[in-house]
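Encoded as structure tokens, the structure appears first; notes follow it.
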Amino acid sequence: ERVVVVAELPGVEEKSIHIEVREDMLELAAEARDRKYHKEVLLPSPVNASTMESSCKNGVLEIRLTKKK
């Protein structure tokens with residue numbers, strides 16, 4: 001029913017994180033002082049981008065999405 005993605009982004013503040021969701025693809029980009037992160041993740045099924053919830057604590061980002069029915 002839900003898809004959860006967990007990413008470690010040490011040294012990155014939540015406001016520096018950019019998340020984009022398209023059907024079954026999640027694109028994550030972030031930038032810290034001396035680090036850049038970019039990753040595309042193939043999700044196990046298509047999701048509703050409007051249901052995205054995210055939280056970032058101590059460099060650990062958690063993204064929660066609802067699967068399309």
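So you can find residues: chains in the structure tokens are A, B, ... in the order shown, residues in each start at 1, and ligands are numbered from 1 in order.
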Item to complete: Using only C-alpha atoms, determine which residues lie at most 8 Å from range 52-63 of chain A, disregarding the query and same-chain residues fewer than 5 positions distant; provide the list as an NGL selection string.
Response: :A and (4-14)
Can those selected residues be exported to a file as an mmCIF file, in the first residue's frame so that it contains all heavy atoms?
```
data_model
loop_
_atom_site.group_PDB
_atom_site.id
_atom_site.type_symbol
_atom_site.label_atom_id
_atom_site.label_comp_id
_atom_site.auth_asym_id
_atom_site.auth_seq_id
_atom_site.Cartn_x
_atom_site.Cartn_y
_atom_site.Cartn_z
ATOM 1 N N VAL A 4 8.312 3.185 1.079
ATOM 2 C CA VAL A 4 9.160 3.997 1.951
ATOM 3 C C VAL A 4 10.591 3.927 1.422
ATOM 4 O O VAL A 4 11.110 2.844 1.181
ATOM 5 C CB VAL A 4 9.103 3.503 3.415
ATOM 6 C CG1 VAL A 4 10.029 4.339 4.289
ATOM 7 C CG2 VAL A 4 7.690 3.545 3.947
ATOM 8 N N VAL A 5 11.203 5.101 1.231
ATOM 9 C CA VAL A 5 12.589 5.182 0.775
ATOM 10 C C VAL A 5 13.388 5.876 1.874
ATOM 11 O O VAL A 5 12.981 6.936 2.362
ATOM 12 C CB VAL A 5 12.701 5.988 -0.543
ATOM 13 C CG1 VAL A 5 14.145 6.137 -0.969
ATOM 14 C CG2 VAL A 5 11.866 5.344 -1.637
ATOM 15 N N VAL A 6 14.492 5.271 2.267
ATOM 16 C CA VAL A 6 15.361 5.852 3.296
ATOM 17 C C VAL A 6 16.724 6.107 2.664
ATOM 18 O O VAL A 6 17.291 5.226 2.025
ATOM 19 C CB VAL A 6 15.499 4.906 4.510
ATOM 20 C CG1 VAL A 6 16.440 5.512 5.544
ATOM 21 C CG2 VAL A 6 14.144 4.624 5.125
ATOM 22 N N ALA A 7 17.233 7.336 2.829
ATOM 23 C CA ALA A 7 18.532 7.698 2.258
ATOM 24 C C ALA A 7 19.378 8.396 3.317
ATOM 25 O O ALA A 7 18.868 9.208 4.087
ATOM 26 C CB ALA A 7 18.335 8.620 1.065
ATOM 27 N N GLU A 8 20.664 8.076 3.333
ATOM 28 C CA GLU A 8 21.597 8.746 4.232
ATOM 29 C C GLU A 8 22.266 9.890 3.479
ATOM 30 O O GLU A 8 22.872 9.676 2.433
ATOM 31 C CB GLU A 8 22.646 7.766 4.734
ATOM 32 C CG GLU A 8 22.090 6.698 5.640
ATOM 33 C CD GLU A 8 23.153 5.768 6.184
ATOM 34 O OE1 GLU A 8 24.340 6.154 6.205
ATOM 35 O OE2 GLU A 8 22.779 4.659 6.579
ATOM 36 N N LEU A 9 22.132 11.094 4.010
ATOM 37 C CA LEU A 9 22.708 12.292 3.398
ATOM 38 C C LEU A 9 23.451 13.080 4.472
ATOM 39 O O LEU A 9 22.980 14.118 4.927
ATOM 40 C CB LEU A 9 21.601 13.161 2.779
ATOM 41 C CG LEU A 9 20.719 12.484 1.734
ATOM 42 C CD1 LEU A 9 19.503 13.332 1.434
ATOM 43 C CD2 LEU A 9 21.522 12.246 0.475
ATOM 44 N N PRO A 10 24.618 12.609 4.897
ATOM 45 C CA PRO A 10 25.333 13.280 5.983
ATOM 46 C C PRO A 10 25.714 14.718 5.632
ATOM 47 O O PRO A 10 26.167 14.999 4.530
ATOM 48 C CB PRO A 10 26.579 12.414 6.189
ATOM 49 C CG PRO A 10 26.678 11.531 5.009
ATOM 50 C CD PRO A 10 25.335 11.458 4.372
ATOM 51 N N GLY A 11 25.466 15.612 6.574
ATOM 52 C CA GLY A 11 25.849 17.006 6.402
ATOM 53 C C GLY A 11 24.891 17.846 5.585
ATOM 54 O O GLY A 11 25.157 19.007 5.318
ATOM 55 N N VAL A 12 23.745 17.277 5.179
ATOM 56 C CA VAL A 12 22.795 17.998 4.340
ATOM 57 C C VAL A 12 21.607 18.447 5.181
ATOM 58 O O VAL A 12 21.060 17.682 5.967
ATOM 59 C CB VAL A 12 22.299 17.095 3.173
ATOM 60 C CG1 VAL A 12 21.226 17.801 2.366
ATOM 61 C CG2 VAL A 12 23.461 16.708 2.284
ATOM 62 N N GLU A 13 21.197 19.702 5.000
ATOM 63 C CA GLU A 13 20.020 20.225 5.683
ATOM 64 C C GLU A 13 18.783 19.916 4.846
ATOM 65 O O GLU A 13 18.845 19.856 3.624
ATOM 66 C CB GLU A 13 20.144 21.727 5.877
ATOM 67 C CG GLU A 13 21.273 22.121 6.810
ATOM 68 C CD GLU A 13 21.364 23.615 6.987
ATOM 69 O OE1 GLU A 13 20.332 24.315 6.803
ATOM 70 O OE2 GLU A 13 22.459 24.095 7.299
ATOM 71 N N GLU A 14 17.650 19.763 5.518
ATOM 72 C CA GLU A 14 16.407 19.395 4.834
ATOM 73 C C GLU A 14 16.026 20.394 3.742
ATOM 74 O O GLU A 14 15.548 20.012 2.685
ATOM 75 C CB GLU A 14 15.268 19.264 5.852
ATOM 76 C CG GLU A 14 14.029 18.642 5.269
ATOM 77 C CD GLU A 14 13.016 18.249 6.323
ATOM 78 O OE1 GLU A 14 13.214 18.546 7.515
ATOM 79 O OE2 GLU A 14 12.014 17.642 5.938
#
```
Worksheet item: What's the 10 Å shell around range 37-43 of chain A, counting only C-alpha atoms, without same-chain residues fewer than 4 positions away, as a VMD selection string?
Response: chain A and resid 3 to 5 7 9 12 17 to 32 47 67
Take the selection from the previous step and output its residues with N, CA, C and O atoms, as a short mmCIF file (atom, residue, chain, number, x, y, z; two decimals), in the first residue's frame.
```
data_model
loop_
_atom_site.label_atom_id
_atom_site.label_comp_id
_atom_site.auth_asym_id
_atom_site.auth_seq_id
_atom_site.Cartn_x
_atom_site.Cartn_y
_atom_site.Cartn_z
N VAL A 3 5.08 2.95 -0.13
CA VAL A 3 6.49 2.76 -0.46
C VAL A 3 7.28 3.71 0.43
O VAL A 3 6.93 4.89 0.55
N VAL A 4 8.31 3.18 1.08
CA VAL A 4 9.16 4.00 1.95
C VAL A 4 10.59 3.93 1.42
O VAL A 4 11.11 2.84 1.18
N VAL A 5 11.20 5.10 1.23
CA VAL A 5 12.59 5.18 0.78
C VAL A 5 13.39 5.88 1.87
O VAL A 5 12.98 6.94 2.36
N ALA A 7 17.23 7.34 2.83
CA ALA A 7 18.53 7.70 2.26
C ALA A 7 19.38 8.40 3.32
O ALA A 7 18.87 9.21 4.09
N LEU A 9 22.13 11.09 4.01
CA LEU A 9 22.71 12.29 3.40
C LEU A 9 23.45 13.08 4.47
O LEU A 9 22.98 14.12 4.93
N VAL A 12 23.75 17.28 5.18
CA VAL A 12 22.79 18.00 4.34
C VAL A 12 21.61 18.45 5.18
O VAL A 12 21.06 17.68 5.97
N ILE A 17 17.39 19.74 0.11
CA ILE A 17 17.05 18.49 -0.58
C ILE A 17 15.93 18.75 -1.60
O ILE A 17 14.94 19.39 -1.28
N HIS A 18 16.13 18.24 -2.81
CA HIS A 18 15.13 18.34 -3.87
C HIS A 18 14.67 16.93 -4.23
O HIS A 18 15.50 16.08 -4.56
N ILE A 19 13.35 16.69 -4.16
CA ILE A 19 12.79 15.38 -4.47
C ILE A 19 11.78 15.54 -5.60
O ILE A 19 10.93 16.43 -5.55
N GLU A 20 11.90 14.69 -6.61
CA GLU A 20 10.95 14.70 -7.72
C GLU A 20 10.48 13.27 -7.95
O GLU A 20 11.28 12.34 -7.95
N VAL A 21 9.16 13.11 -8.13
CA VAL A 21 8.58 11.78 -8.34
C VAL A 21 7.82 11.77 -9.66
O VAL A 21 7.01 12.66 -9.92
N ARG A 22 8.10 10.74 -10.48
CA ARG A 22 7.40 10.55 -11.75
C ARG A 22 7.04 9.07 -11.85
O ARG A 22 7.92 8.24 -12.02
N GLU A 23 5.75 8.77 -11.73
CA GLU A 23 5.24 7.39 -11.82
C GLU A 23 6.00 6.45 -10.89
O GLU A 23 5.74 6.42 -9.72
N ASP A 24 6.97 5.70 -11.41
CA ASP A 24 7.70 4.73 -10.59
C ASP A 24 9.18 5.10 -10.45
O ASP A 24 10.02 4.25 -10.19
N MET A 25 9.49 6.39 -10.62
CA MET A 25 10.88 6.86 -10.52
C MET A 25 10.95 8.01 -9.50
O MET A 25 10.17 8.96 -9.58
N LEU A 26 11.89 7.91 -8.58
CA LEU A 26 12.11 8.96 -7.61
C LEU A 26 13.50 9.54 -7.86
O LEU A 26 14.47 8.78 -7.96
N GLU A 27 13.58 10.84 -7.99
CA GLU A 27 14.87 11.51 -8.20
C GLU A 27 15.17 12.36 -6.97
O GLU A 27 14.35 13.16 -6.54
N LEU A 28 16.35 12.15 -6.43
CA LEU A 28 16.77 12.82 -5.21
C LEU A 28 18.05 13.59 -5.49
O LEU A 28 19.01 13.04 -6.02
N ALA A 29 18.06 14.87 -5.14
CA ALA A 29 19.26 15.69 -5.32
C ALA A 29 19.44 16.55 -4.06
O ALA A 29 18.46 17.03 -3.49
N ALA A 30 20.67 16.71 -3.64
CA ALA A 30 20.96 17.52 -2.45
C ALA A 30 22.37 18.07 -2.56
O ALA A 30 23.22 17.50 -3.24
N GLU A 31 22.59 19.16 -1.86
CA GLU A 31 23.90 19.79 -1.89
C GLU A 31 24.25 20.31 -0.51
O GLU A 31 23.46 21.00 0.12
N ALA A 32 25.42 19.97 -0.04
CA ALA A 32 25.96 20.49 1.22
C ALA A 32 27.17 21.35 0.87
O ALA A 32 27.47 21.55 -0.31
N VAL A 47 3.54 5.42 -8.00
CA VAL A 47 3.05 6.05 -6.77
C VAL A 47 2.36 7.38 -7.09
O VAL A 47 2.55 7.95 -8.16
N LYS A 67 1.06 3.96 -3.02
CA LYS A 67 1.02 3.32 -4.34
C LYS A 67 -0.26 3.69 -5.06
O LYS A 67 -1.31 3.88 -4.44
#
```
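CA of Thr51 in chain A sits 13.0 Å away from CA of Lys69 in chain A.
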